[in-house]
Amino acid sequence: MQTYHFSQSPFRVFGAPLFYKTGKMWRLPDELTEKLPKEFVDWQLAHRCPGARLCFRTDSEKFSIRICFRSISVDIGMSLYAAQSGNVFVGERQTSVYKGLVMPREGYNKPEATGTFFKEKKMEDVTVFLPRNEEITDVFIDLEDAARVEAPTPYRFETPLLFYGSSITEGGCSSMPAASYVSLVSRWLDADFINMGFSGSAKGEIIMADYLNSLEKSVFVMDYDHNAPNAAHLRETHAPFFRRIRQHSPNLPVVFMSKPNFDYDGDSKERRQIIFDTYQAALDAGDKNVYFLDGETLFGTEDRFACTNDCLHPNDLGMYRMAKALHPMLEKILLP
């Protein structure tokens, strides 16, 4: 077997916006993190990379992946499979076959995840959804000695979708990284994406809007309803945050989402109205590139209780229903 490092060409990393500038799998630079609430540092939110993917093509029948973390710790609501493991898919993205986990074999005792996989001896795309919860320091790929390796097939939509929001956006509490609503809808569309969901910490800060303005994007999904501590905070921040985005990108499609656990929060209607008011004000001003997705509809009408495990975070069923609701809207935007 021959060992490669994930920074080597022709391997490609997607969804980690600073990787090709700094070599680090971070979402936010330190100079920005220092200006944000302290949980961005305390919880390592800026240094982990939910939604990041390692992609390549190979004809190796056998291959192994080893992911190294800065540290490893327990998540109160998610298992090792969900929080510290990666997911391997083989084949064309929209019809790819799930091959299994790159997972910590020694539990929380060693900050490392590994996995070995088998495929046909022909050139195929390999997509690895990297773990959500930890800061990734290295990824190593073992391929058979005589195997060929090539750059991955380009995404159908190469300019990334950009998602900004809460722990739900980040992937909590799906059973694996590839099952979050962000990952699902992007795979269905064959679209690159960047996940800027921050557990309990994205609260519509203007300096964050300025940073998001610096990132290339095809569509911006604004989904931080959950993280606003109350309706008053949401009212104070939501429209100004959107206006900051719009000032920088006058023609960028923007999707406003309200939170899905509508049944369990007494101020859900007020919060939804605040988000809708931002949307309506934009329409009234002549903005033709804004869209609204009502959070109350995201879990559907049948067995809504089965979509969340804690009355807040969606499980896999909840994530799937969210993705199914968002998919046609994004498809219409990308394929007008």
# chains A, B, ... in the order shown; residues from 1 in each chain; ligands from 1

$ residues_around --residues "Phe63 in chain A" --least-positions-apart "4" --cutoff "10 Å" --atoms "only C-alpha atoms" --output "MDAnalysis selection string"
chainID A and resid 1:3 58:59 115:119 141:144 147

$ select_by_dssp --residues "range 67-208 of chain A" --states "alpha helix (DSSP H)" --output "list in words"
Leu80, Tyr81, Ala82, Ala83, Ser167, Ile168, Thr169, Glu170, Tyr181, Val182, Ser183, Leu184, Val185, Ser186, Arg187, Trp188, Leu189, Ile206, Ile207 and Met208 of chain A

$ write_last_selection --atoms "C-alpha atoms" --output "compact mmCIF listing (two decimals), in the first residue's frame"
# COMPACT_ATOMS: atom_id res chain seq x y z
CA LEU A 80 -18.91 8.50 18.30
CA TYR A 81 -20.52 7.44 15.03
CA ALA A 82 -22.18 10.83 14.70
CA ALA A 83 -19.62 13.24 16.12
CA SER A 167 -26.34 23.38 15.88
CA ILE A 168 -29.08 22.01 13.63
CA THR A 169 -27.33 23.51 10.60
CA GLU A 170 -24.06 22.12 11.95
CA TYR A 181 -29.99 18.24 6.13
CA VAL A 182 -27.18 20.38 4.71
CA SER A 183 -25.20 17.32 3.53
CA LEU A 184 -28.26 15.54 2.16
CA VAL A 185 -29.61 18.38 0.06
CA SER A 186 -26.17 19.22 -1.29
CA ARG A 187 -25.52 15.59 -2.29
CA TRP A 188 -28.88 15.39 -4.03
CA LEU A 189 -28.04 18.54 -5.99
CA ILE A 206 -22.42 41.83 11.90
CA ILE A 207 -18.72 40.92 11.93
CA MET A 208 -19.75 37.39 11.02

$ residues_around --residues "range 303-307 of chain A" --least-positions-apart "5" --cutoff "12 Å" --atoms "only C-alpha atoms" --output "PyMOL selection string"
chain A and resi 173-174+260-264+296-298+312-322

$ closest_residue --among "A:Val90, A:Ile67, A:Met78, A:Ala231" --to "Ala113 in chain A" --atoms "only C-alpha atoms"
A:Ile67

$ closest_residue --among "A:Pro177, A:Pro229, A:Gly172, A:Gly107" --to "Val74 in chain A" --atoms "only C-alpha atoms"
A:Gly107

$ closest_residue --among "A:Val13, A:Val128, A:Leu330, A:Leu18" --to "Leu215 in chain A" --atoms "only C-alpha atoms"
A:Leu18

$ residues_around --residues "Cys55 in chain A" --least-positions-apart "2" --cutoff "6 Å" --atoms "only C-alpha atoms" --output "list in words"
Arg12, Val126, Thr127 and Pro152 of chain A

$ closest_atom_pairs --of "range 157-193 of chain A" --to "range 235-253 of chain A" --cutoff "12 Å" --atoms "only C-alpha atoms" --output "JSON lines"
{"residue": "A:Leu161", "atom": "CA", "partner": "A:Pro253", "partner_atom": "CA", "distance": 10.1}
{"residue": "A:Leu162", "atom": "CA", "partner": "A:Pro253", "partner_atom": "CA", "distance": 10.6}
{"residue": "A:Tyr164", "atom": "CA", "partner": "A:Phe241", "partner_atom": "CA", "distance": 11.2}
{"residue": "A:Gly165", "atom": "CA", "partner": "A:His238", "partner_atom": "CA", "distance": 11.8}

$ closest_residue --among "A:Ser201, A:Ser218, A:Thr137, A:Asn195" --to "Pro37 in chain A" --atoms "only C-alpha atoms"
A:Ser201

$ select_by_dssp --residues "range 32-128 of chain A" --states "strand (DSSP E or B)" --output "JSON, numbers by chain"
{"A": [53, 54, 55, 56, 57, 58, 62, 63, 64, 65, 66, 67, 68, 69, 75, 78, 86, 87, 88, 89, 90, 97, 98, 99, 100, 101, 102, 103, 112, 113, 114, 115, 116, 117, 118, 124, 125, 126, 127, 128]}

$ residues_around --residues "range 31-35 of chain A" --least-positions-apart "4" --cutoff "12 Å" --atoms "only C-alpha atoms" --output "PDB file with C-alpha atoms, in the first residue's frame"
ATOM      1  CA  TRP A  26     -10.640  25.727  10.306  1.00  0.00           C
ATOM      2  CA  ARG A  27     -13.782  27.621   9.444  1.00  0.00           C
ATOM      3  CA  GLU A  39     -17.772  29.871  23.239  1.00  0.00           C
ATOM      4  CA  PHE A  40     -16.308  29.986  19.722  1.00  0.00           C
ATOM      5  CA  VAL A  41     -12.960  29.408  21.452  1.00  0.00           C
ATOM      6  CA  ASP A  42     -14.106  27.353  24.453  1.00  0.00           C
ATOM      7  CA  TRP A  43     -16.077  24.884  22.322  1.00  0.00           C
ATOM      8  CA  GLN A  44     -13.565  24.878  19.433  1.00  0.00           C
ATOM      9  CA  LEU A  45     -16.387  25.893  17.100  1.00  0.00           C
ATOM     10  CA  ALA A  46     -14.102  27.885  14.815  1.00  0.00           C
ATOM     11  CA  HIS A  47     -11.587  25.056  14.456  1.00  0.00           C
ATOM     12  CA  SER A 201     -23.231  30.555  19.003  1.00  0.00           C
ATOM     13  CA  ALA A 202     -24.245  32.034  15.644  1.00  0.00           C
ATOM     14  CA  GLU A 205     -23.204  39.187  14.540  1.00  0.00           C
ATOM     15  CA  ILE A 206     -22.423  41.827  11.903  1.00  0.00           C
ATOM     16  CA  ILE A 207     -18.722  40.918  11.930  1.00  0.00           C
ATOM     17  CA  MET A 208     -19.748  37.389  11.019  1.00  0.00           C
ATOM     18  CA  ALA A 209     -21.799  38.736   8.110  1.00  0.00           C
ATOM     19  CA  ASP A 210     -18.688  40.582   6.930  1.00  0.00           C
ATOM     20  CA  TYR A 211     -16.696  37.344   7.016  1.00  0.00           C
ATOM     21  CA  LEU A 212     -19.402  35.411   5.167  1.00  0.00           C
TER      22      LEU A 212
END

$ closest_residue --among "A:Arg148, A:Arg70, A:His5, A:Lys24" --to "Arg57 in chain A" --atoms "only C-alpha atoms"
A:Arg148

$ closest_residue --among "A:Phe220, A:Tyr155, A:Phe14, A:Tyr108" --to "Pro50 in chain A" --atoms "only C-alpha atoms"
A:Phe14

$ decode --residues "range 5-138 of chain A" --atoms "C-alpha atoms" --output "CSV table (one decimal), in the first residue's frame"
chain,number,residue,atom,x,y,z
A,5,HIS,CA,-1.5,13.0,2.7
A,6,PHE,CA,-4.8,14.8,2.1
A,7,SER,CA,-3.0,18.0,1.2
A,8,GLN,CA,-1.3,16.3,-1.8
A,9,SER,CA,-2.6,16.8,-5.3
A,10,PRO,CA,-4.8,15.4,-6.8
A,11,PHE,CA,-6.7,14.9,-3.5
A,12,ARG,CA,-9.2,17.8,-2.9
A,13,VAL,CA,-10.8,19.1,0.3
A,14,PHE,CA,-14.1,20.8,0.0
A,15,GLY,CA,-16.1,22.8,2.6
A,16,ALA,CA,-13.1,24.0,4.7
A,17,PRO,CA,-12.7,27.6,3.5
A,18,LEU,CA,-9.3,28.3,5.0
A,19,PHE,CA,-7.6,25.0,4.1
A,20,TYR,CA,-5.9,26.1,0.9
A,21,LYS,CA,-4.9,29.4,2.4
A,22,THR,CA,-3.5,28.2,5.7
A,23,GLY,CA,-3.3,24.5,5.6
A,24,LYS,CA,-5.7,24.3,8.6
A,25,MET,CA,-9.1,22.7,8.7
A,26,TRP,CA,-10.6,25.7,10.3
A,27,ARG,CA,-13.8,27.6,9.4
A,28,LEU,CA,-12.8,30.9,11.0
A,29,PRO,CA,-9.5,32.8,11.3
A,30,ASP,CA,-8.2,33.5,14.8
A,31,GLU,CA,-8.5,37.3,14.3
A,32,LEU,CA,-12.2,36.9,13.8
A,33,THR,CA,-12.7,34.3,16.5
A,34,GLU,CA,-11.2,36.7,19.1
A,35,LYS,CA,-14.0,39.2,18.4
A,36,LEU,CA,-16.8,36.7,18.7
A,37,PRO,CA,-18.4,35.3,21.9
A,38,LYS,CA,-16.0,33.2,24.0
A,39,GLU,CA,-17.8,29.9,23.2
A,40,PHE,CA,-16.3,30.0,19.7
A,41,VAL,CA,-13.0,29.4,21.5
A,42,ASP,CA,-14.1,27.4,24.5
A,43,TRP,CA,-16.1,24.9,22.3
A,44,GLN,CA,-13.6,24.9,19.4
A,45,LEU,CA,-16.4,25.9,17.1
A,46,ALA,CA,-14.1,27.9,14.8
A,47,HIS,CA,-11.6,25.1,14.5
A,48,ARG,CA,-13.9,22.2,13.5
A,49,CYS,CA,-15.2,21.7,10.1
A,50,PRO,CA,-18.7,20.1,9.8
A,51,GLY,CA,-19.6,19.5,6.1
A,52,ALA,CA,-15.9,19.2,5.0
A,53,ARG,CA,-15.3,16.5,2.4
A,54,LEU,CA,-12.2,14.7,1.1
A,55,CYS,CA,-12.7,13.7,-2.6
A,56,PHE,CA,-10.6,11.8,-5.1
A,57,ARG,CA,-10.9,9.2,-7.9
A,58,THR,CA,-9.1,5.8,-7.8
A,59,ASP,CA,-9.1,2.3,-9.2
A,60,SER,CA,-7.8,0.8,-6.0
A,61,GLU,CA,-9.9,-2.1,-4.9
A,62,LYS,CA,-8.8,-1.6,-1.3
A,63,PHE,CA,-8.2,1.7,0.4
A,64,SER,CA,-7.9,2.9,4.0
A,65,ILE,CA,-8.5,6.3,5.6
A,66,ARG,CA,-6.9,7.6,8.9
A,67,ILE,CA,-8.1,10.9,10.4
A,68,CYS,CA,-6.1,12.5,13.2
A,69,PHE,CA,-7.7,14.9,15.7
A,70,ARG,CA,-6.2,17.6,18.0
A,71,SER,CA,-8.3,16.1,20.8
A,72,ILE,CA,-11.4,13.9,21.3
A,73,SER,CA,-14.3,14.5,23.7
A,74,VAL,CA,-17.8,13.3,24.5
A,75,ASP,CA,-20.8,15.1,22.9
A,76,ILE,CA,-23.8,15.0,25.2
A,77,GLY,CA,-26.3,14.4,22.4
A,78,MET,CA,-24.3,12.5,19.7
A,79,SER,CA,-22.4,9.2,19.6
A,80,LEU,CA,-18.9,8.5,18.3
A,81,TYR,CA,-20.5,7.4,15.0
A,82,ALA,CA,-22.2,10.8,14.7
A,83,ALA,CA,-19.6,13.2,16.1
A,84,GLN,CA,-16.1,11.8,15.6
A,85,SER,CA,-16.6,9.5,12.6
A,86,GLY,CA,-16.5,10.1,8.8
A,87,ASN,CA,-18.7,8.5,6.1
A,88,VAL,CA,-17.3,7.0,2.9
A,89,PHE,CA,-19.2,7.0,-0.4
A,90,VAL,CA,-18.1,5.5,-3.7
A,91,GLY,CA,-19.5,6.4,-7.1
A,92,GLU,CA,-21.2,9.4,-8.8
A,93,ARG,CA,-22.3,11.7,-5.9
A,94,GLN,CA,-26.0,11.7,-6.5
A,95,THR,CA,-26.2,7.9,-6.8
A,96,SER,CA,-23.1,7.0,-4.7
A,97,VAL,CA,-23.0,3.9,-2.5
A,98,TYR,CA,-22.4,4.2,1.2
A,99,LYS,CA,-19.4,2.1,2.3
A,100,GLY,CA,-19.3,2.8,6.0
A,101,LEU,CA,-17.5,4.6,8.8
A,102,VAL,CA,-14.0,5.9,9.4
A,103,MET,CA,-14.3,5.7,13.2
A,104,PRO,CA,-12.3,5.9,16.5
A,105,ARG,CA,-11.4,2.2,17.1
A,106,GLU,CA,-10.4,2.9,20.7
A,107,GLY,CA,-13.3,5.0,21.7
A,108,TYR,CA,-12.4,8.3,23.4
A,109,ASN,CA,-8.9,7.0,24.4
A,110,LYS,CA,-7.2,7.9,21.1
A,111,PRO,CA,-7.8,11.0,19.0
A,112,GLU,CA,-7.9,9.1,15.7
A,113,ALA,CA,-10.5,7.5,13.4
A,114,THR,CA,-9.7,4.7,10.9
A,115,GLY,CA,-11.4,2.6,8.3
A,116,THR,CA,-10.7,0.2,5.5
A,117,PHE,CA,-13.0,-0.2,2.4
A,118,PHE,CA,-13.3,-2.2,-0.8
A,119,LYS,CA,-14.6,-1.2,-4.2
A,120,GLU,CA,-14.4,-2.4,-7.8
A,121,LYS,CA,-11.1,-2.2,-9.6
A,122,LYS,CA,-12.1,0.7,-11.8
A,123,MET,CA,-11.8,4.5,-11.6
A,124,GLU,CA,-14.5,5.7,-9.3
A,125,ASP,CA,-15.1,8.8,-7.2
A,126,VAL,CA,-14.6,8.5,-3.4
A,127,THR,CA,-16.2,11.1,-1.2
A,128,VAL,CA,-15.4,11.1,2.5
A,129,PHE,CA,-17.6,13.3,4.7
A,130,LEU,CA,-15.2,14.2,7.5
A,131,PRO,CA,-16.1,14.2,11.2
A,132,ARG,CA,-18.1,17.1,12.6
A,133,ASN,CA,-17.0,17.6,16.2
A,134,GLU,CA,-13.2,17.7,16.4
A,135,GLU,CA,-10.4,19.8,15.0
A,136,ILE,CA,-8.8,17.7,12.2
A,137,THR,CA,-5.0,17.9,12.0
A,138,ASP,CA,-4.2,15.3,9.4
